[in-house]
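Dumped data-v1.json below, it's JSON, C-alpha atoms:
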```json
[["chain", "number", "residue", "atom", "x", "y", "z"],
["A", 1, "MET", "CA", 0.00, 0.00, 0.00],
["A", 2, "MET", "CA", 2.85, 2.32, 0.89],
["A", 3, "ALA", "CA", 4.57, 1.61, -2.40],
["A", 4, "SER", "CA", 1.35, 2.28, -4.26],
["A", 5, "SER", "CA", 0.90, 5.54, -2.39],
["A", 6, "SER", "CA", 4.49, 6.49, -3.14],
["A", 7, "GLN", "CA", 4.02, 5.59, -6.79],
["A", 8, "SER", "CA", 0.84, 7.68, -6.87],
["A", 9, "SER", "CA", 2.66, 10.62, -5.33],
["A", 10, "SER", "CA", 5.49, 10.21, -7.82],
["A", 11, "SER", "CA", 2.96, 10.10, -10.66],
["A", 12, "LYS", "CA", 1.32, 13.28, -9.38],
["A", 13, "ALA", "CA", 4.71, 14.97, -9.09],
["A", 14, "SER", "CA", 5.56, 13.88, -12.62],
["A", 15, "SER", "CA", 2.19, 15.11, -13.84],
["A", 16, "SER", "CA", 2.71, 18.40, -12.02],
["A", 17, "GLN", "CA", 6.18, 18.76, -13.50],
["A", 18, "SER", "CA", 4.84, 17.96, -16.98],
["A", 19, "SER", "CA", 2.10, 20.53, -16.50],
["A", 20, "SER", "CA", 4.69, 23.03, -15.35],
["A", 21, "ASN", "CA", 6.79, 22.37, -18.43],
["A", 22, "ASN", "CA", 3.77, 22.71, -20.68],
["A", 23, "GLU", "CA", 3.03, 26.10, -19.19],
["A", 24, "LYS", "CA", 6.37, 27.31, -20.53],
["A", 25, "VAL", "CA", 5.40, 26.43, -24.08],
["A", 26, "HIS", "CA", 3.59, 29.28, -25.75],
["A", 27, "PRO", "CA", 2.55, 28.60, -29.35],
["A", 28, "VAL", "CA", 2.85, 31.78, -31.37],
["A", 29, "ARG", "CA", 0.23, 32.70, -33.92],
["A", 30, "VAL", "CA", 2.05, 34.24, -36.84],
["A", 31, "PRO", "CA", -0.08, 36.86, -38.62],
["A", 32, "VAL", "CA", 0.37, 36.54, -42.37],
["A", 33, "PRO", "CA", 0.43, 39.40, -44.91],
["A", 34, "SER", "CA", -2.74, 40.28, -46.80],
["A", 35, "GLY", "CA", -3.57, 37.84, -49.57],
["A", 36, "PHE", "CA", -2.99, 34.74, -47.46],
["A", 37, "ASN", "CA", -6.03, 32.73, -46.44],
["A", 38, "HIS", "CA", -4.55, 30.82, -43.54],
["A", 39, "SER", "CA", -2.31, 31.17, -40.49],
["A", 40, "ILE", "CA", 0.70, 29.22, -39.28],
["A", 41, "TYR", "CA", 1.34, 28.31, -35.66],
["A", 42, "ILE", "CA", 4.87, 28.01, -34.40],
["A", 43, "ASP", "CA", 6.00, 26.63, -31.06],
["A", 44, "LYS", "CA", 9.15, 28.57, -30.15],
["A", 45, "ASN", "CA", 10.28, 25.71, -27.93],
["A", 46, "ASP", "CA", 9.92, 23.03, -30.60],
["A", 47, "PRO", "CA", 13.47, 22.11, -31.71],
["A", 48, "ARG", "CA", 12.24, 21.53, -35.27],
["A", 49, "PHE", "CA", 11.66, 25.26, -35.56],
["A", 50, "LEU", "CA", 14.82, 26.51, -33.93],
["A", 51, "ILE", "CA", 15.79, 29.63, -35.82],
["A", 52, "LYS", "CA", 19.18, 29.13, -37.42],
["A", 53, "SER", "CA", 21.55, 31.70, -38.82],
["A", 54, "LEU", "CA", 22.11, 31.12, -42.51],
["A", 55, "SER", "CA", 24.24, 33.34, -44.72],
["A", 56, "LYS", "CA", 24.52, 36.18, -42.22],
["A", 57, "PRO", "CA", 24.59, 36.15, -38.40],
["A", 58, "SER", "CA", 21.92, 38.86, -38.38],
["A", 59, "SER", "CA", 19.45, 36.97, -40.56],
["A", 60, "THR", "CA", 17.10, 34.47, -38.97],
["A", 61, "LYS", "CA", 14.92, 32.08, -40.96],
["A", 62, "ALA", "CA", 13.12, 28.80, -40.51],
["A", 63, "MET", "CA", 11.55, 26.73, -43.27],
["A", 64, "ILE", "CA", 8.01, 25.51, -42.70],
["A", 65, "ASP", "CA", 6.08, 23.87, -45.54],
["A", 66, "GLY", "CA", 7.33, 26.19, -48.27],
["A", 67, "TYR", "CA", 7.32, 29.31, -46.13],
["A", 68, "ILE", "CA", 10.12, 31.18, -44.44],
["A", 69, "VAL", "CA", 9.52, 32.70, -41.04],
["A", 70, "VAL", "CA", 11.45, 35.94, -41.20],
["A", 71, "GLY", "CA", 12.48, 37.32, -37.86],
["A", 72, "PHE", "CA", 13.80, 40.70, -36.84],
["A", 73, "PRO", "CA", 15.28, 39.54, -33.52],
["A", 74, "LYS", "CA", 16.11, 41.77, -30.59],
["A", 75, "SER", "CA", 19.71, 40.64, -30.96],
["A", 76, "ARG", "CA", 20.05, 42.58, -34.21],
["A", 77, "MET", "CA", 21.46, 45.73, -32.73],
["A", 78, "VAL", "CA", 24.20, 48.15, -33.65],
["A", 79, "LEU", "CA", 26.90, 49.46, -31.34],
["A", 80, "LYS", "CA", 26.03, 52.02, -28.71],
["A", 81, "GLY", "CA", 25.83, 55.44, -30.27],
["A", 82, "LYS", "CA", 25.05, 53.99, -33.71],
["A", 83, "TYR", "CA", 21.73, 53.82, -35.56],
["A", 84, "THR", "CA", 19.84, 51.69, -38.07],
["A", 85, "MET", "CA", 17.86, 53.26, -40.89],
["A", 86, "HIS", "CA", 15.28, 51.12, -42.67],
["A", 87, "ILE", "CA", 14.15, 52.52, -46.01],
["A", 88, "ASP", "CA", 11.55, 51.62, -48.61],
["A", 89, "GLY", "CA", 10.24, 53.03, -51.88],
["A", 90, "SER", "CA", 6.94, 52.46, -53.68],
["A", 91, "TYR", "CA", 5.48, 53.75, -56.93],
["A", 92, "ILE", "CA", 2.36, 53.93, -59.10],
["A", 93, "GLY", "CA", 2.89, 54.07, -62.84],
["A", 94, "LYS", "CA", 5.72, 56.13, -64.32],
["A", 95, "LEU", "CA", 5.48, 59.33, -62.32],
["A", 96, "ARG", "CA", 4.21, 59.04, -58.79],
["A", 97, "GLY", "CA", 6.08, 57.32, -55.99],
["A", 98, "GLY", "CA", 6.60, 57.38, -52.26],
["A", 99, "PHE", "CA", 9.35, 56.74, -49.75],
["A", 100, "GLY", "CA", 9.52, 55.69, -46.11],
["A", 101, "VAL", "CA", 12.37, 55.97, -43.60],
["A", 102, "VAL", "CA", 12.57, 54.54, -40.06],
["A", 103, "ILE", "CA", 15.52, 55.47, -37.83],
["A", 104, "ARG", "CA", 16.17, 53.52, -34.62],
["A", 105, "ASN", "CA", 18.86, 53.79, -31.96],
["A", 106, "SER", "CA", 21.09, 51.00, -30.64],
["A", 107, "ASP", "CA", 18.31, 49.94, -28.25],
["A", 108, "ARG", "CA", 16.01, 49.48, -31.27],
["A", 109, "LYS", "CA", 13.81, 52.34, -30.14],
["A", 110, "LEU", "CA", 12.31, 54.75, -32.65],
["A", 111, "VAL", "CA", 14.25, 57.98, -33.02],
["A", 112, "ALA", "CA", 12.24, 59.39, -35.92],
["A", 113, "ALA", "CA", 10.55, 58.39, -39.16],
["A", 114, "LEU", "CA", 9.97, 60.14, -42.46],
["A", 115, "TYR", "CA", 7.62, 59.65, -45.42],
["A", 116, "GLY", "CA", 6.83, 61.57, -48.56],
["A", 117, "CYS", "CA", 5.80, 61.63, -52.22],
["A", 118, "SER", "CA", 8.34, 61.62, -55.03],
["A", 119, "THR", "CA", 8.48, 61.88, -58.81],
["A", 120, "ALA", "CA", 10.94, 60.17, -61.16],
["A", 121, "ILE", "CA", 13.02, 62.76, -62.99],
["A", 122, "PHE", "CA", 13.43, 60.76, -66.22],
["A", 123, "PRO", "CA", 10.03, 59.03, -66.62],
["A", 124, "ASP", "CA", 10.68, 58.15, -70.27],
["A", 125, "ASP", "CA", 14.11, 56.60, -69.79],
["A", 126, "PRO", "CA", 13.67, 53.00, -71.07],
["A", 127, "GLN", "CA", 16.65, 51.85, -69.00],
["A", 128, "ALA", "CA", 15.26, 53.17, -65.74],
["A", 129, "LYS", "CA", 13.46, 50.97, -63.28],
["A", 130, "ARG", "CA", 11.02, 52.86, -61.09],
["A", 131, "ALA", "CA", 11.54, 50.66, -58.04],
["A", 132, "ASN", "CA", 15.31, 51.23, -57.93],
["A", 133, "TYR", "CA", 14.94, 54.98, -58.18],
["A", 134, "HIS", "CA", 12.36, 55.33, -55.42],
["A", 135, "GLU", "CA", 14.20, 52.93, -53.13],
["A", 136, "LEU", "CA", 17.42, 54.89, -53.58],
["A", 137, "GLU", "CA", 15.54, 58.15, -53.15],
["A", 138, "ALA", "CA", 14.36, 56.91, -49.75],
["A", 139, "ALA", "CA", 18.01, 56.43, -48.77],
["A", 140, "PHE", "CA", 18.94, 59.92, -49.98],
["A", 141, "TYR", "CA", 16.15, 61.69, -48.10],
["A", 142, "GLY", "CA", 16.80, 59.47, -45.11],
["A", 143, "PHE", "CA", 20.41, 60.59, -44.84],
["A", 144, "LEU", "CA", 19.36, 64.23, -45.33],
["A", 145, "PHE", "CA", 16.91, 63.68, -42.48],
["A", 146, "CYS", "CA", 19.72, 62.28, -40.33],
["A", 147, "GLY", "CA", 21.60, 65.52, -40.86],
["A", 148, "ARG", "CA", 18.67, 67.51, -39.51],
["A", 149, "LEU", "CA", 18.65, 65.20, -36.49],
["A", 150, "ASN", "CA", 22.39, 65.79, -35.96],
["A", 151, "ILE", "CA", 23.12, 62.14, -36.74],
["A", 152, "ALA", "CA", 26.25, 61.58, -38.82],
["A", 153, "CYS", "CA", 25.90, 59.29, -41.84],
["A", 154, "ARG", "CA", 28.93, 57.33, -40.60],
["A", 155, "ASP", "CA", 26.93, 56.36, -37.53],
["A", 156, "VAL", "CA", 24.02, 54.90, -39.54],
["A", 157, "GLN", "CA", 23.62, 51.41, -40.94],
["A", 158, "LEU", "CA", 21.34, 51.31, -43.97],
["A", 159, "ILE", "CA", 18.81, 48.46, -44.17],
["A", 160, "THR", "CA", 16.77, 47.87, -47.34],
["A", 161, "ASP", "CA", 14.72, 45.17, -49.03],
["A", 162, "CYS", "CA", 16.04, 46.29, -52.45],
["A", 163, "LYS", "CA", 19.15, 44.41, -53.60],
["A", 164, "ALA", "CA", 19.83, 47.08, -56.24],
["A", 165, "VAL", "CA", 20.41, 49.67, -53.50],
["A", 166, "VAL", "CA", 22.91, 47.36, -51.80],
["A", 167, "GLN", "CA", 24.67, 46.87, -55.14],
["A", 168, "ILE", "CA", 24.82, 50.63, -55.77],
["A", 169, "PHE", "CA", 26.27, 51.27, -52.30],
["A", 170, "ASP", "CA", 28.79, 48.44, -52.70],
["A", 171, "ASP", "CA", 30.08, 49.31, -56.15],
["A", 172, "LYS", "CA", 30.07, 52.83, -57.55],
["A", 173, "GLU", "CA", 31.05, 51.55, -60.99],
["A", 174, "CYS", "CA", 27.67, 49.83, -61.49],
["A", 175, "ILE", "CA", 25.63, 53.04, -61.11],
["A", 176, "PRO", "CA", 25.38, 53.82, -64.88],
["A", 177, "ASN", "CA", 23.70, 50.44, -65.37],
["A", 178, "PHE", "CA", 20.59, 51.63, -63.54],
["A", 179, "GLY", "CA", 19.57, 54.50, -65.83],
["A", 180, "LYS", "CA", 19.84, 58.29, -65.95],
["A", 181, "ASP", "CA", 17.47, 58.98, -63.07],
["A", 182, "VAL", "CA", 19.44, 56.77, -60.66],
["A", 183, "GLU", "CA", 22.75, 58.18, -61.94],
["A", 184, "THR", "CA", 21.56, 61.75, -61.40],
["A", 185, "LEU", "CA", 20.29, 60.90, -57.93],
["A", 186, "CYS", "CA", 23.65, 59.36, -57.05],
["A", 187, "GLU", "CA", 25.30, 62.67, -57.96],
["A", 188, "ARG", "CA", 23.22, 64.26, -55.22],
["A", 189, "PHE", "CA", 24.70, 61.82, -52.71],
["A", 190, "THR", "CA", 28.09, 63.24, -53.65],
["A", 191, "ASN", "CA", 27.16, 66.91, -53.98],
["A", 192, "GLU", "CA", 24.70, 67.29, -51.09],
["A", 193, "LEU", "CA", 25.73, 64.55, -48.65],
["A", 194, "GLY", "CA", 29.46, 64.62, -49.32],
["A", 195, "PHE", "CA", 29.73, 60.90, -50.11],
["A", 196, "GLU", "CA", 33.09, 59.91, -51.56],
["A", 197, "GLY", "CA", 34.14, 56.77, -53.41],
["A", 198, "HIS", "CA", 31.97, 53.71, -52.90],
["A", 199, "PHE", "CA", 28.94, 54.81, -50.88],
["A", 200, "LYS", "CA", 29.27, 51.96, -48.38],
["A", 201, "TYR", "CA", 32.41, 53.54, -46.93],
["A", 202, "ASN", "CA", 30.46, 56.67, -45.96],
["A", 203, "ILE", "CA", 28.05, 54.89, -43.62],
["A", 204, "HIS", "CA", 28.22, 52.41, -40.73],
["A", 205, "HIS", "CA", 28.87, 48.84, -41.96],
["A", 206, "GLY", "CA", 27.46, 49.55, -45.42],
["A", 207, "ALA", "CA", 24.00, 48.68, -46.73],
["A", 208, "LYS", "CA", 22.32, 45.45, -45.62],
["A", 209, "HIS", "CA", 19.57, 43.53, -47.42],
["A", 210, "VAL", "CA", 16.54, 42.07, -45.63],
["A", 211, "TYR", "CA", 13.36, 40.47, -46.92],
["A", 212, "ARG", "CA", 10.36, 42.75, -47.31],
["A", 213, "GLN", "CA", 8.69, 41.05, -44.36],
["A", 214, "ALA", "CA", 11.46, 42.38, -42.11],
["A", 215, "ASN", "CA", 10.90, 45.88, -43.46],
["A", 216, "TRP", "CA", 7.15, 46.40, -42.98],
["A", 217, "PRO", "CA", 7.36, 49.67, -40.94],
["A", 218, "ALA", "CA", 9.28, 51.48, -43.72],
["A", 219, "ASP", "CA", 7.08, 49.80, -46.35],
["A", 220, "SER", "CA", 3.90, 51.09, -44.69],
["A", 221, "LEU", "CA", 5.30, 54.64, -44.68],
["A", 222, "SER", "CA", 6.27, 54.48, -48.37],
["A", 223, "LYS", "CA", 2.67, 53.55, -49.19],
["A", 224, "LEU", "CA", 1.47, 56.48, -47.08],
["A", 225, "GLY", "CA", 3.92, 58.75, -48.88],
["A", 226, "MET", "CA", 2.51, 57.91, -52.31],
["A", 227, "TYR", "CA", -0.79, 59.55, -51.45],
["A", 228, "CYS", "CA", 0.56, 62.61, -49.61],
["A", 229, "GLU", "CA", 1.14, 66.02, -51.12],
["A", 230, "GLU", "CA", 3.75, 66.89, -48.48],
["A", 231, "SER", "CA", 6.32, 64.88, -46.59],
["A", 232, "GLY", "CA", 5.75, 64.10, -42.93],
["A", 233, "GLU", "CA", 7.92, 63.38, -39.91],
["A", 234, "ILE", "CA", 7.04, 61.05, -37.04],
["A", 235, "TYR", "CA", 8.57, 61.17, -33.56],
["A", 236, "PRO", "CA", 8.01, 58.86, -30.56],
["A", 237, "ALA", "CA", 5.62, 61.34, -28.91],
["A", 238, "ASP", "CA", 3.40, 61.26, -32.03],
["A", 239, "ILE", "CA", 2.54, 57.59, -31.56],
["A", 240, "GLU", "CA", 2.13, 57.45, -27.78],
["A", 241, "ASP", "CA", -1.18, 56.22, -26.39],
["A", 242, "GLY", "CA", -3.68, 59.07, -26.30],
["A", 243, "ASN", "CA", -2.11, 61.03, -29.12],
["A", 244, "PRO", "CA", -4.65, 61.36, -31.99],
["A", 245, "LYS", "CA", -1.81, 60.99, -34.53],
["A", 246, "ARG", "CA", -1.31, 57.41, -33.38],
["A", 247, "GLU", "CA", -4.46, 56.28, -35.19],
["A", 248, "GLN", "CA", -3.39, 58.16, -38.34],
["A", 249, "TYR", "CA", -0.21, 56.06, -38.44],
["A", 250, "GLY", "CA", -1.98, 52.82, -37.51],
["A", 251, "PRO", "CA", -0.20, 50.32, -39.82],
["A", 252, "PHE", "CA", 3.21, 51.84, -39.09],
["A", 253, "VAL", "CA", 2.63, 51.68, -35.34],
["A", 254, "TYR", "CA", 1.44, 48.08, -35.57],
["A", 255, "PHE", "CA", 4.53, 46.88, -37.45],
["A", 256, "LEU", "CA", 6.89, 49.00, -35.37],
["A", 257, "GLU", "CA", 5.64, 47.49, -32.11],
["A", 258, "ARG", "CA", 5.84, 43.96, -33.54],
["A", 259, "ASP", "CA", 9.46, 44.62, -34.44],
["A", 260, "GLU", "CA", 10.21, 45.73, -30.89],
["A", 261, "PHE", "CA", 8.76, 42.48, -29.52],
["A", 262, "GLY", "CA", 10.72, 40.42, -32.06],
["A", 263, "ASP", "CA", 7.61, 38.81, -33.57],
["A", 264, "PRO", "CA", 8.28, 36.78, -36.74],
["A", 265, "TYR", "CA", 6.60, 37.23, -40.11],
["A", 266, "VAL", "CA", 5.76, 34.74, -42.85],
["A", 267, "ARG", "CA", 7.32, 34.88, -46.31],
["A", 268, "ASP", "CA", 5.78, 32.73, -49.04],
["A", 269, "THR", "CA", 8.54, 30.92, -50.95],
["A", 270, "SER", "CA", 6.34, 28.36, -52.67],
["A", 271, "GLU", "CA", 6.54, 27.96, -56.44],
["A", 272, "GLY", "CA", 5.29, 30.98, -58.36],
["A", 273, "ASN", "CA", 5.58, 33.33, -55.40],
["A", 274, "ALA", "CA", 8.29, 35.52, -53.92],
["A", 275, "SER", "CA", 11.87, 34.62, -54.74],
["A", 276, "ASP", "CA", 15.14, 35.60, -53.14],
["A", 277, "ASP", "CA", 15.57, 38.22, -55.85],
["A", 278, "GLU", "CA", 12.39, 40.06, -54.92],
["A", 279, "VAL", "CA", 12.94, 43.67, -53.91]]
```

For the file at hand, write its structure as structure tokens.
Amino acid sequence: MMASSSQSSSSKASSSQSSSNNEKVHPVRVPVPSGFNHSIYIDKNDPRFLIKSLSKPSSTKAMIDGYIVVGFPKSRMVLKGKYTMHIDGSYIGKLRGGFGVVIRNSDRKLVAALYGCSTAIFPDDPQAKRANYHELEAAFYGFLFCGRLNIACRDVQLITDCKAVVQIFDDKECIPNFGKDVETLCERFTNELGFEGHFKYNIHHGAKHVYRQANWPADSLSKLGMYCEESGEIYPADIEDGNPKREQYGPFVYFLERDEFGDPYVRDTSEGNASDDEV
């Protein structure tokens, strides 16, 4: 009887311990971008879904049934006193476009953000690609904005979902390949920002590429910029609870706060969808 009682107690203890362990497991519902008709659940404690570094220490991805879970982890930080600047460009047709800029400090807190409308300067140039121009324009206005904030370009790491921008910053010699509008804009980097040589040497650790899903805050601002007649600036006080502007910047606030919590996003890599070359 004693043994049975002891066994029962042991079973209860084991059950209690199992229950305790289960309480530590919190499945995470991953919201998917618009256009998806389902959700994916990920258990952060399941070893099958351990996020592994692939090509770069700062990139985190996990494959799940043809999808990549793209994370923007809290560990992706710059040195104290340095900043990250996420940029994005969008466009409608040949003429109208928008840009978005999000500047964070080394603690990944918002310093300021910028958005605005833009127009391609050579709309009939057959060599030009609208996306490249507006993405690069976001970088240009972003660095001008840094100057107004008394932030030196050399203290800013540029983060973009456009591989062409990374290529332009890495190799000055490739600039003519992107058309007259991009070439003219690059001259403004030299004349107005004082960039010399390859652009990457004028900023902190060059330009880094991320998937679009890790760039939603800047993306949301570029979409806002397309429909604005004037550029706008956003500061932390503008999106505090109780400030009426917070609702105006709803999508931006949503994605910004998800980034701060390190929530993952879903990227569709199934056949016929986004590829690694997508900007």

Report, in Å to a single decimal, how far apart CA of Arg130 (chain A) and CA of Arg212 (chain A) are.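 Result for CA of Arg212 (chain A) versus CA of Arg130 (chain A): 17.1 Å, one decimal.
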
Atom pair CA of Leu158 (chain A) / CA of Glu229 (chain A): separation (Å): 26.0 Å

Which residues come within 12 Å of Asp241 (chain A), counting all atoms listed in the file, excluding same-chain residues fewer than 5 positions away, as a PDB file with C-alpha atoms, in the coordinates of the input?
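Written out: result-v5.pdb:
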```pdb
ATOM      1  CA  PRO A 236       8.010  58.860 -30.560  1.00  0.00           C
ATOM      2  CA  ARG A 246      -1.310  57.410 -33.380  1.00  0.00           C
ATOM      3  CA  GLU A 247      -4.460  56.280 -35.190  1.00  0.00           C
ATOM      4  CA  GLY A 250      -1.980  52.820 -37.510  1.00  0.00           C
ATOM      5  CA  VAL A 253       2.630  51.680 -35.340  1.00  0.00           C
TER       6      VAL A 253
END
```

Using all atoms listed in the file, which residue out of A:Lys109, A:Arg96, A:Lys82, A:Arg188 lies closest to Leu136 (chain A)? A:Arg188

What's the separation between CA of Val210 (chain A) and CA of Asp161 (chain A), in Å to one decimal place?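 Atom-to-atom, CA of Val210 (chain A) and CA of Asp161 (chain A) are spaced 4.9 Å apart.
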
Taking all atoms listed in the file into account, name the residue in A:Phe143, A:Ile151, A:Val165, A:Ala214 that is nearest to Thr190 (chain A).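 Among the listed residues, the smallest separation from Thr190 (chain A) belongs to A:Phe143.
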
Which of these, A:Tyr133, A:Arg148, A:Val101, A:Ser90, has the shortest distance to Lys180 (chain A) once you count all atoms listed in the file? A:Tyr133

For Gly100 (chain A), find every residue with an atom within 7 Å (counting all atoms listed in the file), except residues of its own chain fewer than 5 positions away, and show them as a ChimeraX atom specification. /A:87-89,114-116,138,218-219,221-222,225

Since we have the selection now, will you write its residues out, keeping C-alpha atoms, as a PDB file, keeping the file's coordinate frame?
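The new file again.pdb reads:
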```pdb
ATOM      1  CA  ILE A  87      14.150  52.520 -46.010  1.00  0.00           C
ATOM      2  CA  ASP A  88      11.550  51.620 -48.610  1.00  0.00           C
ATOM      3  CA  GLY A  89      10.240  53.030 -51.880  1.00  0.00           C
ATOM      4  CA  LEU A 114       9.970  60.140 -42.460  1.00  0.00           C
ATOM      5  CA  TYR A 115       7.620  59.650 -45.420  1.00  0.00           C
ATOM      6  CA  GLY A 116       6.830  61.570 -48.560  1.00  0.00           C
ATOM      7  CA  ALA A 138      14.360  56.910 -49.750  1.00  0.00           C
ATOM      8  CA  ALA A 218       9.280  51.480 -43.720  1.00  0.00           C
ATOM      9  CA  ASP A 219       7.080  49.800 -46.350  1.00  0.00           C
ATOM     10  CA  LEU A 221       5.300  54.640 -44.680  1.00  0.00           C
ATOM     11  CA  SER A 222       6.270  54.480 -48.370  1.00  0.00           C
ATOM     12  CA  GLY A 225       3.920  58.750 -48.880  1.00  0.00           C
TER      13      GLY A 225
END
```

Nearby residues (only C-alpha atoms) at most 10 Å from Val166 (chain A), same-chain spacing under 6 positions excluded, as a count of residues only: 10

Pick the closest to Asn202 (chain A) from A:Ile239, A:Ala152, A:Ile175, A:Cys186: which is it, counting all atoms listed in the file?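 Among A:Ile239, A:Ala152, A:Ile175, A:Cys186, it is A:Ala152 that comes nearest to Asn202 (chain A).
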